[in-house]
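Listing of work11.txt; format and content: compact mmCIF, C-alpha atoms.
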```
# COMPACT_ATOMS: atom_id res chain seq x y z
CA MET A 1 56.15 83.87 84.03
CA SER A 2 59.51 82.14 84.34
CA LYS A 3 62.60 84.29 84.69
CA LYS A 4 65.19 84.13 81.94
CA LEU A 5 68.16 83.52 84.26
CA ALA A 6 66.51 81.52 87.00
CA ASN A 7 69.12 79.75 89.17
CA LYS A 8 72.02 80.99 87.04
CA ILE A 9 75.31 82.12 88.58
CA ALA A 10 76.98 85.10 86.90
CA VAL A 11 80.11 87.16 87.35
CA ILE A 12 80.25 90.73 86.06
CA THR A 13 83.52 92.63 86.10
CA GLY A 14 83.20 96.38 86.37
CA GLY A 15 79.88 95.78 88.06
CA SER A 16 79.95 98.74 90.43
CA SER A 17 78.81 101.38 87.92
CA GLY A 18 77.57 102.08 84.40
CA ILE A 19 76.83 99.18 82.09
CA GLY A 20 78.14 96.59 84.55
CA LEU A 21 75.87 97.76 87.36
CA ALA A 22 72.84 98.00 85.08
CA THR A 23 73.55 94.46 83.88
CA ALA A 24 73.88 93.15 87.43
CA LYS A 25 70.49 94.65 88.32
CA LYS A 26 68.90 93.17 85.21
CA PHE A 27 70.38 89.72 85.87
CA VAL A 28 69.12 89.65 89.46
CA GLU A 29 65.67 90.74 88.29
CA GLU A 30 65.74 87.76 85.93
CA GLY A 31 66.62 85.27 88.66
CA ALA A 32 70.43 85.12 88.67
CA TYR A 33 72.89 85.34 91.54
CA VAL A 34 75.66 87.76 90.61
CA PHE A 35 79.22 88.39 91.68
CA ILE A 36 80.39 91.89 90.84
CA THR A 37 83.89 93.34 90.87
CA GLY A 38 85.32 96.84 90.93
CA ARG A 39 88.42 98.68 92.05
CA ARG A 40 86.74 100.96 94.60
CA GLN A 41 85.16 99.38 97.67
CA THR A 42 82.94 102.40 98.34
CA GLU A 43 81.39 102.09 94.87
CA LEU A 44 80.93 98.36 95.32
CA ASP A 45 79.12 98.94 98.61
CA LYS A 46 76.77 101.41 96.91
CA ALA A 47 76.16 98.95 94.08
CA VAL A 48 75.26 96.14 96.46
CA LYS A 49 72.65 98.38 98.11
CA GLU A 50 71.22 99.31 94.71
CA ILE A 51 71.04 95.69 93.55
CA GLY A 52 69.48 94.68 96.85
CA SER A 53 69.82 90.90 96.97
CA ASN A 54 71.49 87.87 95.41
CA VAL A 55 74.81 89.67 94.99
CA THR A 56 78.36 89.36 96.28
CA ALA A 57 80.88 92.16 95.71
CA VAL A 58 84.58 91.35 95.43
CA GLN A 59 87.03 94.25 95.32
CA GLY A 60 89.76 93.88 92.72
CA ASP A 61 91.50 95.11 89.59
CA VAL A 62 91.08 92.90 86.50
CA SER A 63 94.61 93.73 85.36
CA ASN A 64 95.94 92.17 88.59
CA LEU A 65 96.05 88.39 88.23
CA ASP A 66 96.15 87.87 92.00
CA ASP A 67 92.90 89.78 92.29
CA LEU A 68 91.35 87.60 89.59
CA ASP A 69 92.50 84.45 91.38
CA ASN A 70 90.88 85.75 94.56
CA LEU A 71 87.63 86.46 92.71
CA PHE A 72 87.30 82.99 91.24
CA ASN A 73 88.39 81.30 94.45
CA ILE A 74 85.52 83.07 96.20
CA ILE A 75 83.06 82.07 93.47
CA LYS A 76 84.22 78.46 93.65
CA LYS A 77 83.95 78.40 97.41
CA GLU A 78 80.51 80.04 97.57
CA LYS A 79 78.77 78.61 94.50
CA GLY A 80 81.03 75.96 92.98
CA THR A 81 80.30 76.75 89.34
CA LEU A 82 79.41 79.56 86.94
CA ASP A 83 76.91 79.93 84.10
CA ILE A 84 77.60 83.43 82.78
CA VAL A 85 80.65 85.67 82.50
CA VAL A 86 80.30 89.35 81.55
CA THR A 87 83.53 91.29 81.15
CA SER A 88 82.47 94.91 81.58
CA ALA A 89 85.52 96.40 83.31
CA GLY A 90 87.19 98.94 81.08
CA PHE A 91 89.39 102.00 80.88
CA VAL A 92 89.42 104.87 78.40
CA GLU A 93 91.77 107.82 78.25
CA THR A 94 91.96 109.77 75.02
CA ALA A 95 95.32 110.72 73.53
CA ALA A 96 96.52 111.61 70.06
CA THR A 97 99.18 109.21 68.79
CA LEU A 98 102.02 111.68 69.31
CA GLN A 99 100.96 112.17 72.94
CA VAL A 100 100.64 108.48 73.87
CA THR A 101 103.07 107.46 76.61
CA PRO A 102 104.18 103.90 77.42
CA GLU A 103 102.31 104.23 80.72
CA HIS A 104 99.06 105.18 78.97
CA PHE A 105 99.47 102.37 76.45
CA GLU A 106 100.18 99.74 79.09
CA LYS A 107 97.31 100.79 81.36
CA THR A 108 94.84 100.76 78.46
CA PHE A 109 95.84 97.30 77.27
CA ASN A 110 96.34 95.88 80.77
CA ILE A 111 92.75 96.63 81.75
CA ASN A 112 90.89 96.24 78.46
CA ALA A 113 92.75 93.40 76.73
CA LYS A 114 94.81 91.61 79.36
CA GLY A 115 92.11 91.98 82.01
CA THR A 116 89.43 90.57 79.74
CA PHE A 117 91.61 87.71 78.52
CA PHE A 118 92.61 86.47 81.95
CA THR A 119 89.13 86.98 83.41
CA VAL A 120 87.82 84.54 80.82
CA GLN A 121 90.79 82.18 81.13
CA LYS A 122 90.30 81.87 84.88
CA ALA A 123 86.51 81.56 84.56
CA ILE A 124 86.53 78.68 82.06
CA PRO A 125 87.25 75.89 84.59
CA LEU A 126 84.15 76.96 86.56
CA LEU A 127 81.82 77.40 83.57
CA ASN A 128 79.08 74.83 83.20
CA ASP A 129 78.38 73.23 79.84
CA GLY A 130 76.02 75.46 77.90
CA GLY A 131 77.33 78.55 79.64
CA ASN A 132 77.71 82.03 78.18
CA ILE A 133 80.46 84.62 77.90
CA VAL A 134 79.60 88.20 76.95
CA VAL A 135 82.49 90.57 76.31
CA VAL A 136 81.80 94.31 76.46
CA SER A 137 83.72 95.97 73.65
CA SER A 138 83.11 99.33 71.92
CA ASN A 139 81.98 100.63 68.58
CA VAL A 140 85.20 102.65 68.30
CA GLN A 141 86.92 99.47 67.12
CA TRP A 142 85.03 99.83 63.83
CA LYS A 143 85.93 103.44 63.08
CA GLY A 144 89.07 105.56 62.99
CA PHE A 145 88.16 108.02 65.73
CA PRO A 146 90.95 110.54 66.42
CA GLN A 147 92.60 110.25 69.86
CA TYR A 148 91.21 106.75 70.46
CA ALA A 149 94.07 104.76 68.88
CA THR A 150 94.99 102.76 71.98
CA TYR A 151 91.46 102.31 73.30
CA ALA A 152 90.12 101.22 69.92
CA ALA A 153 92.98 98.76 69.41
CA SER A 154 92.50 97.26 72.87
CA LYS A 155 88.81 96.75 72.09
CA ALA A 156 89.55 95.34 68.63
CA ALA A 157 91.63 92.65 70.33
CA LEU A 158 88.47 91.49 72.07
CA ARG A 159 86.82 90.74 68.73
CA SER A 160 89.62 88.30 67.97
CA PHE A 161 89.39 86.74 71.44
CA VAL A 162 85.65 86.11 70.96
CA ARG A 163 86.16 84.25 67.69
CA THR A 164 88.88 82.04 69.16
CA TRP A 165 87.03 81.29 72.38
CA ALA A 166 83.85 80.35 70.49
CA SER A 167 85.90 77.75 68.61
CA GLU A 168 87.83 76.50 71.63
CA LEU A 169 84.75 76.11 73.84
CA LYS A 170 82.43 74.48 71.31
CA ASP A 171 82.72 71.02 72.91
CA LYS A 172 81.19 72.44 76.09
CA GLN A 173 78.50 74.28 74.08
CA ILE A 174 79.63 77.55 75.64
CA ARG A 175 78.58 80.51 73.54
CA VAL A 176 80.85 83.55 73.35
CA ASN A 177 79.68 86.90 72.00
CA SER A 178 80.60 90.55 72.36
CA ILE A 179 78.63 93.76 72.42
CA SER A 180 79.96 97.05 71.10
CA PRO A 181 78.10 99.99 72.62
CA GLY A 182 78.30 103.46 71.22
CA PRO A 183 78.29 106.58 73.42
CA ILE A 184 76.50 105.66 76.65
CA GLU A 185 75.65 107.88 79.62
CA THR A 186 78.05 106.35 82.17
CA PRO A 187 80.80 107.51 84.55
CA LEU A 188 83.31 106.02 82.08
CA MET A 189 81.91 108.22 79.34
CA ASN A 190 81.98 111.38 81.42
CA GLY A 191 85.41 110.61 82.86
CA GLN A 192 87.07 111.09 79.47
CA PHE A 193 86.65 114.85 79.60
CA LYS A 194 88.30 117.67 81.53
CA SER A 195 85.06 119.37 82.55
CA LYS A 196 81.32 118.84 82.69
CA GLU A 197 80.91 121.44 79.94
CA GLU A 198 83.29 119.59 77.63
CA ALA A 199 81.47 116.32 78.32
CA GLU A 200 78.08 117.84 77.52
CA GLN A 201 79.35 119.44 74.31
CA THR A 202 80.87 116.18 73.12
CA LYS A 203 77.74 114.18 73.93
CA LYS A 204 75.67 116.71 71.99
CA TYR A 205 78.05 116.32 69.06
CA PHE A 206 77.77 112.51 69.19
CA ALA A 207 73.98 112.71 69.40
CA GLU A 208 73.86 114.73 66.18
CA LEU A 209 75.78 111.97 64.37
CA ILE A 210 73.61 109.11 65.64
CA PRO A 211 70.50 108.27 63.57
CA LEU A 212 68.41 107.94 66.75
CA GLY A 213 69.47 111.46 67.72
CA ARG A 214 70.70 110.66 71.23
CA ILE A 215 73.32 108.77 73.18
CA GLY A 216 72.33 105.55 74.88
CA ASN A 217 71.75 104.59 78.50
CA PRO A 218 73.20 101.69 80.50
CA GLU A 219 69.85 99.94 80.84
CA GLU A 220 69.53 99.58 77.06
CA ILE A 221 72.91 97.88 76.87
CA ALA A 222 72.08 95.70 79.88
CA THR A 223 68.96 94.45 78.09
CA SER A 224 71.07 93.53 75.07
CA ILE A 225 73.59 91.73 77.29
CA LEU A 226 70.70 89.82 78.88
CA PHE A 227 69.63 88.74 75.40
CA LEU A 228 73.12 87.43 74.61
CA ALA A 229 73.44 85.70 77.98
CA SER A 230 70.06 83.96 77.87
CA SER A 231 68.47 81.23 75.80
CA ASP A 232 66.75 83.93 73.74
CA SER A 233 69.95 84.04 71.66
CA GLY A 234 70.48 80.28 71.68
CA TYR A 235 71.76 80.05 68.10
CA ILE A 236 73.88 83.21 68.19
CA ASN A 237 77.58 82.62 68.69
CA ALA A 238 80.87 84.45 68.02
CA VAL A 239 79.11 87.65 66.95
CA ASP A 240 79.72 91.29 67.82
CA LEU A 241 76.42 93.03 68.48
CA VAL A 242 76.82 96.72 67.73
CA ALA A 243 74.49 98.78 69.93
CA ASP A 244 75.18 102.40 68.99
CA GLY A 245 71.95 103.79 67.60
CA GLY A 246 73.19 103.19 64.07
CA TYR A 247 76.26 105.42 64.36
CA THR A 248 78.75 103.05 62.73
CA GLN A 249 76.23 101.50 60.36
CA ILE A 250 75.48 104.43 58.05
```

In structure tokens, what does this structure look like?
Amino acid sequence: MSKKLANKIAVITGGSSGIGLATAKKFVEEGAYVFITGRRQTELDKAVKEIGSNVTAVQGDVSNLDDLDNLFNIIKKEKGTLDIVVTSAGFVETAATLQVTPEHFEKTFNINAKGTFFTVQKAIPLLNDGGNIVVVSSNVQWKGFPQYATYAASKAALRSFVRTWASELKDKQIRVNSISPGPIETPLMNGQFKSKEEAEQTKKYFAELIPLGRIGNPEEIATSILFLASSDSGYINAVDLVADGGYTQI
């Protein structure tokens, strides 16, 4: 049976853990060569061992344009072109509006909005005709969750980017879609809370609100990203695929 991403070259930001790492594993299983990025070299080294083969790790921060230039220079030097871009790097820190500081606001938007925008901008010259861009957003953009004002707004910006890019890249037949996961069992999810107990209580609360009765796992989102990045979704473009167990849909 042929693999869905045979001979494809992909870059996945935030690929050292969570959804990004699960996606990198899935892509390699389906025949792709992947470049992954992350801010911590130790986590990247662990990820490379987990993925096992057909992977290059490049340390960097997506909000740092010099780091992005370095990433795409390495991809150009090693592979020449790209077929798939997955922007999975993200940052979340909860804060009620009255407690938001300029530093919190800037960090949230620098990683989630600015980082995504310039990752795609710098990838476009390397993208082959018929390529794919998958932007990892969040279901919080569709609801007014307390204490997520900055995070939700930074993710809502991605929805606008996707629409514009789908129009701008139509002549190259490059499809651009986003995915909006709900609560997912990842380090990013757990890192929002002050203690393990608080994290478990909040995840239990979320699970009770979700029609499927549980939070999701990274592998489920990775499978959906694979769908968007492969020919299986060949006539799907400029959409936001909400993958949250039905939470925002009822």

*Got a sec: who's within 10 Å of Val100 (chain A), counting only C-alpha atoms, leaving out chain neighbours fewer than 6 positions off, as number ranges by chain?*
A: 93-94, 147, 149-150

Handout entry: Exercise: Ser178 (chain A) partners within 6 Å, all atoms listed in the file, chain neighbours under 2 positions left out, as JSON, numbers by chain
Key = {"A": [134, 135, 136, 240]}

Sel. within 12 Å of pt (70.9, 110.3, 65.9), counting only C-alpha atoms, output as a PDB file with C-alpha atoms, keeping the file's coordinate frame:
```
ATOM      1  CA  GLY A 182      78.300 103.460  71.220  1.00  0.00           C
ATOM      2  CA  PRO A 183      78.290 106.580  73.420  1.00  0.00           C
ATOM      3  CA  LYS A 203      77.740 114.180  73.930  1.00  0.00           C
ATOM      4  CA  LYS A 204      75.670 116.710  71.990  1.00  0.00           C
ATOM      5  CA  TYR A 205      78.050 116.320  69.060  1.00  0.00           C
ATOM      6  CA  PHE A 206      77.770 112.510  69.190  1.00  0.00           C
ATOM      7  CA  ALA A 207      73.980 112.710  69.400  1.00  0.00           C
ATOM      8  CA  GLU A 208      73.860 114.730  66.180  1.00  0.00           C
ATOM      9  CA  LEU A 209      75.780 111.970  64.370  1.00  0.00           C
ATOM     10  CA  ILE A 210      73.610 109.110  65.640  1.00  0.00           C
ATOM     11  CA  PRO A 211      70.500 108.270  63.570  1.00  0.00           C
ATOM     12  CA  LEU A 212      68.410 107.940  66.750  1.00  0.00           C
ATOM     13  CA  GLY A 213      69.470 111.460  67.720  1.00  0.00           C
ATOM     14  CA  ARG A 214      70.700 110.660  71.230  1.00  0.00           C
ATOM     15  CA  ILE A 215      73.320 108.770  73.180  1.00  0.00           C
ATOM     16  CA  GLY A 216      72.330 105.550  74.880  1.00  0.00           C
ATOM     17  CA  ASP A 244      75.180 102.400  68.990  1.00  0.00           C
ATOM     18  CA  GLY A 245      71.950 103.790  67.600  1.00  0.00           C
ATOM     19  CA  GLY A 246      73.190 103.190  64.070  1.00  0.00           C
ATOM     20  CA  TYR A 247      76.260 105.420  64.360  1.00  0.00           C
ATOM     21  CA  THR A 248      78.750 103.050  62.730  1.00  0.00           C
ATOM     22  CA  GLN A 249      76.230 101.500  60.360  1.00  0.00           C
ATOM     23  CA  ILE A 250      75.480 104.430  58.050  1.00  0.00           C
TER      24      ILE A 250
END
```

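When all atoms listed in the file are used to compute distances to Val140 (chain A), the closest of the residues A:Ala222, A:Ala24, A:Leu82, A:Ala243 turns out to be A:Ala243.
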
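In terms of minimum interatomic distance to Gly20 (chain A), A:Thr87 ranks closest within A:Leu71, A:Leu228, A:Thr87, A:Ala152, counting only C-alpha atoms.
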
Close residues, Arg40 (chain A) itself excluded, 10 Å, only C-alpha atoms, min 3 positions apart in chain, as a short mmCIF file (atom, residue, chain, number, x, y, z; two decimals) with C-alpha atoms, in the frame of the given file:
```cif
data_model
loop_
_atom_site.label_atom_id
_atom_site.label_comp_id
_atom_site.auth_asym_id
_atom_site.auth_seq_id
_atom_site.Cartn_x
_atom_site.Cartn_y
_atom_site.Cartn_z
CA SER A 16 79.95 98.74 90.43
CA THR A 37 83.89 93.34 90.87
CA GLU A 43 81.39 102.09 94.87
CA LEU A 44 80.93 98.36 95.32
CA ASP A 45 79.12 98.94 98.61
CA VAL A 58 84.58 91.35 95.43
CA GLN A 59 87.03 94.25 95.32
CA GLY A 60 89.76 93.88 92.72
CA ASP A 61 91.50 95.11 89.59
#
```

Write out as a short mmCIF file (atom, residue, chain, number, x, y, z; two decimals) with C-alpha atoms, in the coordinates of the input which residues come within 10 Å of Lys3 (chain A) when counting only C-alpha atoms, dropping same-chain ones fewer than 4 positions away.
```cif
data_model
loop_
_atom_site.label_atom_id
_atom_site.label_comp_id
_atom_site.auth_asym_id
_atom_site.auth_seq_id
_atom_site.Cartn_x
_atom_site.Cartn_y
_atom_site.Cartn_z
CA ASN A 7 69.12 79.75 89.17
CA PHE A 27 70.38 89.72 85.87
CA VAL A 28 69.12 89.65 89.46
CA GLU A 29 65.67 90.74 88.29
CA GLU A 30 65.74 87.76 85.93
CA GLY A 31 66.62 85.27 88.66
CA ALA A 32 70.43 85.12 88.67
#
```

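Here CA of Leu5 (chain A) and CA of Leu68 (chain A) stand 24.1 Å from one another.
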
Between A:Gln99, A:Gln121, A:Ser88, A:Gln192, smallest distance to Lys155 (chain A) by all atoms listed in the file belongs to A:Ser88

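Note that the spacing between CA of Ile179 (chain A) and CA of Thr202 (chain A) amounts to 22.5 Å.
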